[in-house]
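What follows is the content of query_17.txt (compact mmCIF, C-alpha atoms).
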```txt
# COMPACT_ATOMS: atom_id res chain seq x y z
CA MET A 1 94.53 -245.21 143.38
CA LEU A 2 93.97 -241.52 143.87
CA GLY A 3 90.88 -239.50 143.21
CA SER A 4 90.71 -235.71 143.18
CA GLY A 5 92.40 -234.07 146.14
CA GLY A 6 94.49 -237.18 146.89
CA VAL A 7 91.57 -239.36 148.05
CA ARG A 8 92.29 -243.03 147.52
CA ARG A 9 89.82 -244.93 145.36
CA ASP A 10 91.05 -248.46 144.82
CA GLY A 11 88.20 -249.48 142.53
CA ASP A 12 88.77 -246.54 140.21
CA VAL A 13 92.34 -247.60 139.50
CA ALA A 14 91.38 -251.25 139.03
CA ASP A 15 88.78 -250.24 136.45
CA ALA A 16 91.26 -247.96 134.69
CA TRP A 17 93.86 -250.72 134.37
CA ALA A 18 91.26 -253.24 133.20
CA ALA A 19 90.32 -250.84 130.43
CA ASN A 20 93.93 -250.67 129.20
CA PRO A 21 94.87 -253.93 127.40
CA GLN A 22 98.47 -252.74 126.93
CA ALA A 23 99.03 -252.89 130.66
CA ILE A 24 98.22 -256.60 130.73
CA GLN A 25 100.54 -257.74 127.95
CA PRO A 26 103.83 -257.97 129.93
CA PHE A 27 102.21 -260.33 132.41
CA VAL A 28 100.62 -262.51 129.73
CA ARG A 29 104.01 -262.77 128.02
CA LEU A 30 105.81 -263.56 131.27
CA GLY A 31 103.30 -266.19 132.31
CA ILE A 32 102.47 -264.65 135.70
CA THR A 33 99.07 -266.18 136.40
CA ARG A 34 98.78 -266.14 140.19
CA VAL A 35 96.84 -263.54 142.14
CA THR A 36 100.10 -261.62 142.50
CA THR A 37 100.07 -260.08 139.01
CA PHE A 38 100.41 -256.32 138.80
CA LEU A 39 96.74 -255.87 137.93
CA ASP A 40 95.63 -258.10 140.79
CA VAL A 41 97.70 -256.09 143.23
CA ILE A 42 96.24 -252.84 141.91
CA GLY A 43 92.74 -254.32 142.15
CA THR A 44 93.04 -255.80 145.63
CA GLY A 45 95.14 -252.92 146.92
CA LYS A 46 98.03 -254.88 148.41
CA SER A 47 100.59 -257.70 148.14
CA SER A 48 103.44 -259.04 150.23
CA THR A 49 106.97 -257.78 149.72
CA ALA A 50 107.98 -261.20 148.35
CA GLU A 51 105.15 -261.13 145.80
CA ALA A 52 106.05 -257.59 144.73
CA LEU A 53 109.69 -258.59 144.29
CA GLU A 54 108.63 -261.52 142.12
CA ILE A 55 106.70 -259.18 139.85
CA PHE A 56 109.54 -256.65 139.83
CA ASP A 57 112.16 -259.26 138.93
CA ARG A 58 110.19 -260.47 135.91
CA LEU A 59 109.67 -257.04 134.36
CA ASP A 60 111.80 -255.57 131.58
CA THR A 61 114.58 -253.11 132.33
CA VAL A 62 114.36 -249.38 131.60
CA GLU A 63 116.77 -247.07 129.77
CA VAL A 64 117.44 -243.64 131.25
CA SER A 65 116.03 -241.96 128.14
CA GLU A 66 112.69 -243.72 128.65
CA LEU A 67 112.12 -241.87 131.94
CA ILE A 68 112.51 -238.34 130.63
CA GLY A 69 109.31 -236.39 131.25
CA SER A 70 106.72 -235.94 133.99
CA TRP A 71 105.18 -238.85 135.87
CA ARG A 72 102.29 -239.24 138.29
CA GLY A 73 102.95 -241.55 141.24
CA GLU A 74 101.07 -243.78 143.64
CA SER A 75 101.97 -246.40 146.25
CA PHE A 76 102.10 -250.10 145.40
CA PHE A 77 100.93 -251.50 148.74
CA THR A 78 103.08 -254.18 150.40
CA GLY A 79 102.73 -253.35 154.09
CA HIS A 80 105.60 -250.85 154.05
CA PRO A 81 105.45 -247.89 156.51
CA LEU A 82 105.43 -245.50 153.52
CA ASP A 83 102.36 -247.10 151.92
CA GLY A 84 99.88 -244.28 151.39
CA ALA A 85 102.05 -241.78 153.27
CA LEU A 86 103.14 -239.71 150.28
CA GLU A 87 99.57 -239.58 149.00
CA ALA A 88 98.42 -238.25 152.37
CA TYR A 89 100.69 -235.26 151.75
CA TYR A 90 99.40 -234.80 148.18
CA TRP A 91 102.31 -236.35 146.35
CA HIS A 92 101.96 -235.79 142.63
CA GLY A 93 104.92 -237.74 141.25
CA LYS A 94 108.37 -237.18 139.76
CA ARG A 95 109.83 -235.10 136.93
CA PHE A 96 112.92 -236.12 134.98
CA GLU A 97 114.15 -233.21 132.85
CA HIS A 98 117.34 -235.01 131.88
CA ALA A 99 119.78 -237.42 133.50
CA GLU A 100 121.43 -234.68 135.58
CA HIS A 101 118.32 -232.66 136.45
CA VAL A 102 115.65 -234.54 138.39
CA HIS A 103 112.81 -233.48 140.69
CA PRO A 104 112.18 -236.62 142.79
CA LEU A 105 109.39 -235.27 145.00
CA VAL A 106 106.68 -233.27 143.22
CA PHE A 107 103.63 -232.39 145.33
CA GLU A 108 100.29 -230.75 144.62
CA THR A 109 99.76 -227.24 145.98
CA MET A 110 96.53 -225.85 147.41
CA GLY A 111 96.26 -223.62 144.36
CA GLY A 112 96.03 -226.58 142.02
CA GLY A 113 99.59 -226.48 140.74
CA THR A 114 102.66 -228.49 141.67
CA ALA A 115 105.88 -227.79 143.56
CA SER A 116 109.16 -229.69 143.76
CA VAL A 117 110.13 -230.35 147.37
CA ASN A 118 113.69 -230.54 148.66
CA PRO A 119 114.19 -234.15 149.89
CA LEU A 120 116.18 -232.90 152.89
CA TRP A 121 112.89 -232.22 154.70
CA ALA A 122 112.28 -235.98 154.64
CA LEU A 123 115.57 -236.89 156.31
CA PRO A 124 114.12 -237.12 159.86
CA ILE A 125 111.28 -239.27 158.55
CA VAL A 126 113.71 -241.57 156.76
CA GLN A 127 115.87 -241.95 159.87
CA TRP A 128 112.87 -242.97 162.03
CA LEU A 129 110.92 -244.85 159.37
CA ASP A 130 111.02 -248.21 161.15
CA ARG A 131 110.44 -246.78 164.64
CA LEU A 132 107.63 -244.25 164.49
CA PRO A 133 104.39 -244.25 162.44
CA ILE A 134 104.04 -241.53 159.81
CA PRO A 135 100.94 -239.31 160.30
CA LYS A 136 98.60 -239.89 157.35
CA SER A 137 95.64 -237.73 158.31
CA LYS A 138 94.00 -235.23 156.00
CA ALA A 139 94.85 -232.49 158.51
CA ALA A 140 98.57 -233.36 158.37
CA GLY A 141 98.46 -233.23 154.58
CA ARG A 142 96.80 -229.80 154.58
CA VAL A 143 99.36 -228.42 157.04
CA PHE A 144 102.11 -229.65 154.74
CA GLN A 145 100.47 -227.96 151.75
CA LEU A 146 100.22 -224.69 153.68
CA GLY A 147 103.95 -224.74 154.33
CA ILE A 148 105.10 -226.22 151.04
CA GLY A 149 106.71 -222.96 149.99
CA LEU A 150 109.20 -223.33 152.85
CA VAL A 151 110.51 -226.67 151.58
CA SER A 152 110.14 -226.27 147.80
CA THR A 153 113.02 -225.82 145.39
CA THR A 154 113.71 -225.29 141.70
CA GLN A 155 117.07 -227.05 141.94
CA SER A 156 117.73 -230.61 140.83
CA CYS A 157 117.79 -233.02 143.78
CA ALA A 158 118.69 -236.31 142.09
CA ARG A 159 120.20 -237.86 138.97
CA LEU A 160 119.55 -240.84 136.72
CA ARG A 161 122.02 -243.66 136.13
CA LEU A 162 122.02 -247.27 134.97
CA THR A 163 122.72 -249.55 137.94
CA HIS A 164 122.86 -253.29 138.53
CA TYR A 165 120.19 -254.53 140.95
CA ARG A 166 118.75 -258.00 141.51
CA GLY A 167 120.46 -259.42 138.44
CA LYS A 168 119.55 -256.71 135.91
CA VAL A 169 120.86 -253.33 134.76
CA SER A 170 118.12 -250.70 134.71
CA ALA A 171 117.51 -246.96 135.08
CA THR A 172 117.86 -245.76 138.67
CA MET A 173 117.17 -242.42 140.33
CA ILE A 174 119.81 -241.58 142.92
CA TYR A 175 119.04 -238.87 145.48
CA ASP A 176 121.69 -236.19 146.01
CA THR A 177 121.18 -235.89 149.78
CA LEU A 178 119.46 -239.09 150.93
CA PRO A 179 120.82 -242.66 151.06
CA ILE A 180 118.08 -243.77 148.64
CA SER A 181 118.01 -245.21 145.14
CA ASP A 182 114.80 -245.75 143.16
CA ILE A 183 115.19 -248.61 140.67
CA PHE A 184 112.70 -248.84 137.79
CA ARG A 185 111.28 -251.71 135.76
CA LYS A 186 108.92 -251.38 132.81
CA ILE A 187 105.27 -252.43 132.77
CA ASN A 188 104.75 -250.66 129.45
CA ASP A 189 106.14 -247.51 127.80
CA ASN A 190 103.94 -245.28 129.95
CA THR A 191 103.96 -247.22 133.22
CA MET A 192 106.87 -248.05 135.52
CA LEU A 193 107.16 -250.05 138.72
CA GLY A 194 109.61 -248.40 141.10
CA LEU A 195 111.45 -249.90 144.06
CA MET A 196 112.87 -247.55 146.69
CA ASP A 197 116.04 -248.99 148.21
CA LEU A 198 116.89 -247.20 151.47
CA LYS A 199 120.33 -247.92 152.94
CA GLY A 200 120.07 -249.77 156.24
CA THR A 201 116.57 -251.17 155.75
CA GLU A 202 115.59 -254.61 154.48
CA GLN A 203 112.04 -253.95 153.25
CA PRO A 204 111.84 -251.96 149.98
CA PHE A 205 109.05 -249.52 149.23
CA PHE A 206 107.22 -250.01 145.91
CA PHE A 207 105.43 -247.41 143.84
CA VAL A 208 103.96 -246.96 140.38
CA LEU A 209 104.70 -244.13 137.94
CA ARG A 210 102.35 -243.31 135.07
CA ARG A 211 103.54 -240.96 132.34
CA GLU A 212 101.76 -237.63 132.10
CA GLN A 213 100.90 -236.54 128.58
CA PRO A 214 102.04 -233.03 127.60
CA GLN A 215 99.27 -230.47 127.73
CA PRO A 216 98.26 -229.14 124.26
CA VAL A 217 99.30 -225.56 123.52
CA GLU A 218 96.33 -223.39 122.62
```

With the file now loaded, output its structure as structure tokens.
Amino acid sequence: MLGSGGVRRDGDVADAWAANPQAIQPFVRLGITRVTTFLDVIGTGKSSTAEALEIFDRLDTVEVSELIGSWRGESFFTGHPLDGALEAYYWHGKRFEHAEHVHPLVFETMGGGTASVNPLWALPIVQWLDRLPIPKSKAAGRVFQLGIGLVSTTQSCARLRLTHYRGKVSATMIYDTLPISDIFRKINDNTMLGLMDLKGTEQPFFFVLRREQPQPVE
């Protein structure tokens, strides 16, 4: 759902998924035929939390080894306060080097590269998530990019474990310094649906991760 520079283009993503038959197969196999399929949500741009949970619950589980690598992320819109917020700040995705070394918040820099951000900067936002709106303006995103060097880190800020959630055992990213777990379910080998479970809140935040292919060495 993101174009260049973090601009959201819902139709672009819908077309991209429609062109990828592999992405459809899990839903054909599971018999999800209502408008709340993954592709329908991507195409229309939103669903309810209940509909997203239904999709999540029917997906296959993920092994920790299947997450190793770099992933590009985007919101899976359900009316959550975080919907579109990370993209406004030029969120790129996540990087899993191994189970004990994880970069949970990778953002795009103004120079065209990426930087891993220490999740501690997000603690005030997390604490007030259900009370104050998160600024999502382009100006706020640019200010964040200008100061990204002040909050970036090369250290691991999370780890991967198998956890039991909603009746299944699946790969989960556990933050080192935030009361957050991201539980993953598989759409296909290169696409994951993530659910962010924040302690003390009832509504989960959903997001999609798409595997980035390694760049060829010239």

Give the answer as one residue: which of A:Leu123, A:Leu67, A:Ile187, A:Met110 has the shortest atom-to-atom distance to A:Arg159, using only C-alpha atoms?
A:Leu67

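Of the residues under consideration (A:Asp182, A:Glu97, A:Asp83, A:Glu108), A:Asp182 shows the shortest atom-to-atom contact distance to A:Leu195 when counting only C-alpha atoms.
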
I'd like the interatomic distance between atom CA of A:Val102 and atom CA of A:Lys168, to a tenth of an Å.
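Here the two named atoms are 22.6 Å from each other.
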
Interatomic distance (Å, one decimal) between atom CA of A:Leu120 and atom CA of A:Arg185
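Spanning atom CA of A:Leu120 to atom CA of A:Arg185 is a straight-line distance of 25.9 Å.
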
Determine the nearest neighbour of A:Ser156 from the options A:Asp176, A:Glu202, A:Glu63, A:Glu74, counting only C-alpha atoms.
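Using only C-alpha atoms, the shortest distance to A:Ser156 belongs to A:Asp176.
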
Given only C-alpha atoms as the basis, pick out the residue of A:Gln155, A:Gln145, A:Ser116, A:Ser65 nearest to A:Tyr90.
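Closest to A:Tyr90, using only C-alpha atoms: A:Gln145.
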
Do you know which residues are at most 7 Å from A:Asp197 counting all atoms listed in the file, after dropping those on the same chain fewer than 4 positions away, and could you put them as a PyMOL selection string?
chain A and resi 180-182+204

Env of A:Thr109: 10 Å cut, atoms = only C-alpha atoms, seq-sep filter 2 positions within chain, self excluded. Answer as a PyMOL selection string.
chain A and resi 89-92+106-107+111-116+142+144-149

One decimal place gives the atom CA of A:Phe96-atom CA of A:Phe38 separation as 24.1 Å

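Considering all atoms listed in the file, the residue among A:Gly79, A:Phe207, A:Asn188, A:Tyr165 positioned nearest to A:Ser48 is A:Gly79.
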
Save stretch 132-171 of chain A of the structure in the block above to a file, with N, CA and C atoms included, as a tab-separated table (two decimals), in the first residue's frame.
```tsv
chain	number	residue	atom	x	y	z
A	132	LEU	N	-4.55	9.71	22.85
A	132	LEU	CA	-4.21	10.83	21.98
A	132	LEU	C	-3.96	10.34	20.56
A	133	PRO	N	-4.41	11.10	19.54
A	133	PRO	CA	-4.16	10.70	18.15
A	133	PRO	C	-2.68	10.84	17.80
A	134	ILE	N	-2.19	9.98	16.95
A	134	ILE	CA	-0.80	10.02	16.51
A	134	ILE	C	-0.70	10.92	15.28
A	135	PRO	N	0.16	11.93	15.28
A	135	PRO	CA	0.32	12.78	14.09
A	135	PRO	C	0.76	11.94	12.89
A	136	LYS	N	0.08	12.10	11.76
A	136	LYS	CA	0.40	11.31	10.58
A	136	LYS	C	0.68	12.19	9.36
A	137	SER	N	1.06	13.43	9.61
A	137	SER	CA	1.31	14.35	8.51
A	137	SER	C	2.67	14.08	7.87
A	138	LYS	N	2.79	14.54	6.62
A	138	LYS	CA	4.07	14.40	5.93
A	138	LYS	C	5.16	15.17	6.65
A	139	ALA	N	4.80	16.34	7.20
A	139	ALA	CA	5.77	17.16	7.93
A	139	ALA	C	6.31	16.42	9.15
A	140	ALA	N	5.43	15.73	9.89
A	140	ALA	CA	5.87	14.98	11.07
A	140	ALA	C	6.83	13.87	10.66
A	141	GLY	N	6.53	13.21	9.54
A	141	GLY	CA	7.40	12.16	9.05
A	141	GLY	C	8.77	12.67	8.67
A	142	ARG	N	8.82	13.84	8.03
A	142	ARG	CA	10.10	14.42	7.62
A	142	ARG	C	10.93	14.84	8.84
A	143	VAL	N	10.28	15.39	9.85
A	143	VAL	CA	10.98	15.77	11.07
A	143	VAL	C	11.60	14.53	11.72
A	144	PHE	N	10.84	13.44	11.73
A	144	PHE	CA	11.36	12.19	12.28
A	144	PHE	C	12.58	11.72	11.50
A	145	GLN	N	12.50	11.79	10.16
A	145	GLN	CA	13.65	11.37	9.35
A	145	GLN	C	14.88	12.22	9.63
A	146	LEU	N	14.68	13.52	9.82
A	146	LEU	CA	15.80	14.41	10.11
A	146	LEU	C	16.52	14.02	11.40
A	147	GLY	N	15.75	13.54	12.36
A	147	GLY	CA	16.34	13.19	13.66
A	147	GLY	C	16.55	11.71	13.87
A	148	ILE	N	16.47	10.92	12.81
A	148	ILE	CA	16.51	9.47	12.98
A	148	ILE	C	17.84	8.99	13.55
A	149	GLY	N	18.91	9.75	13.30
A	149	GLY	CA	20.20	9.36	13.84
A	149	GLY	C	20.24	9.39	15.36
A	150	LEU	N	19.37	10.16	15.97
A	150	LEU	CA	19.34	10.28	17.43
A	150	LEU	C	18.67	9.09	18.09
A	151	VAL	N	17.86	8.35	17.34
A	151	VAL	CA	17.11	7.23	17.92
A	151	VAL	C	17.47	5.89	17.28
A	152	SER	N	18.44	5.89	16.37
A	152	SER	CA	18.81	4.65	15.69
A	152	SER	C	19.80	3.84	16.53
A	153	THR	N	19.90	2.58	16.21
A	153	THR	CA	20.78	1.67	16.95
A	153	THR	C	21.22	0.52	16.05
A	154	THR	N	22.35	-0.06	16.37
A	154	THR	CA	22.80	-1.27	15.68
A	154	THR	C	22.57	-2.50	16.55
A	155	GLN	N	22.09	-2.29	17.76
A	155	GLN	CA	21.88	-3.38	18.70
A	155	GLN	C	20.54	-4.10	18.43
A	156	SER	N	20.51	-5.36	18.77
A	156	SER	CA	19.25	-6.11	18.71
A	156	SER	C	18.28	-5.56	19.73
A	157	CYS	N	17.00	-5.47	19.35
A	157	CYS	CA	15.98	-4.91	20.25
A	157	CYS	C	14.80	-5.86	20.46
A	158	ALA	N	14.95	-7.10	20.01
A	158	ALA	CA	13.86	-8.07	20.18
A	158	ALA	C	14.42	-9.47	19.94
A	159	ARG	N	13.59	-10.48	20.16
A	159	ARG	CA	13.99	-11.86	19.90
A	159	ARG	C	12.80	-12.62	19.35
A	160	LEU	N	13.07	-13.77	18.77
A	160	LEU	CA	12.02	-14.62	18.20
A	160	LEU	C	11.85	-15.87	19.05
A	161	ARG	N	10.59	-16.22	19.30
A	161	ARG	CA	10.26	-17.43	20.03
A	161	ARG	C	8.97	-18.03	19.46
A	162	LEU	N	8.75	-19.31	19.73
A	162	LEU	CA	7.46	-19.91	19.45
A	162	LEU	C	6.56	-19.69	20.66
A	163	THR	N	5.37	-19.15	20.45
A	163	THR	CA	4.43	-18.94	21.56
A	163	THR	C	3.05	-19.46	21.16
A	164	HIS	N	2.25	-19.72	22.18
A	164	HIS	CA	0.88	-20.19	21.98
A	164	HIS	C	-0.05	-18.99	22.03
A	165	TYR	N	-0.83	-18.79	20.96
A	165	TYR	CA	-1.74	-17.64	20.90
A	165	TYR	C	-2.96	-18.02	20.07
A	166	ARG	N	-4.12	-17.79	20.62
A	166	ARG	CA	-5.39	-18.08	19.94
A	166	ARG	C	-5.43	-19.51	19.37
A	167	GLY	N	-4.97	-20.45	20.19
A	167	GLY	CA	-5.12	-21.86	19.86
A	167	GLY	C	-4.03	-22.46	19.00
A	168	LYS	N	-2.99	-21.69	18.64
A	168	LYS	CA	-1.93	-22.22	17.80
A	168	LYS	C	-0.57	-21.76	18.31
A	169	VAL	N	0.46	-22.56	18.01
A	169	VAL	CA	1.83	-22.21	18.34
A	169	VAL	C	2.52	-21.70	17.09
A	170	SER	N	3.02	-20.47	17.15
A	170	SER	CA	3.61	-19.86	15.95
A	170	SER	C	4.73	-18.90	16.35
A	171	ALA	N	5.56	-18.56	15.37
A	171	ALA	CA	6.68	-17.65	15.61
A	171	ALA	C	6.18	-16.29	16.11
```
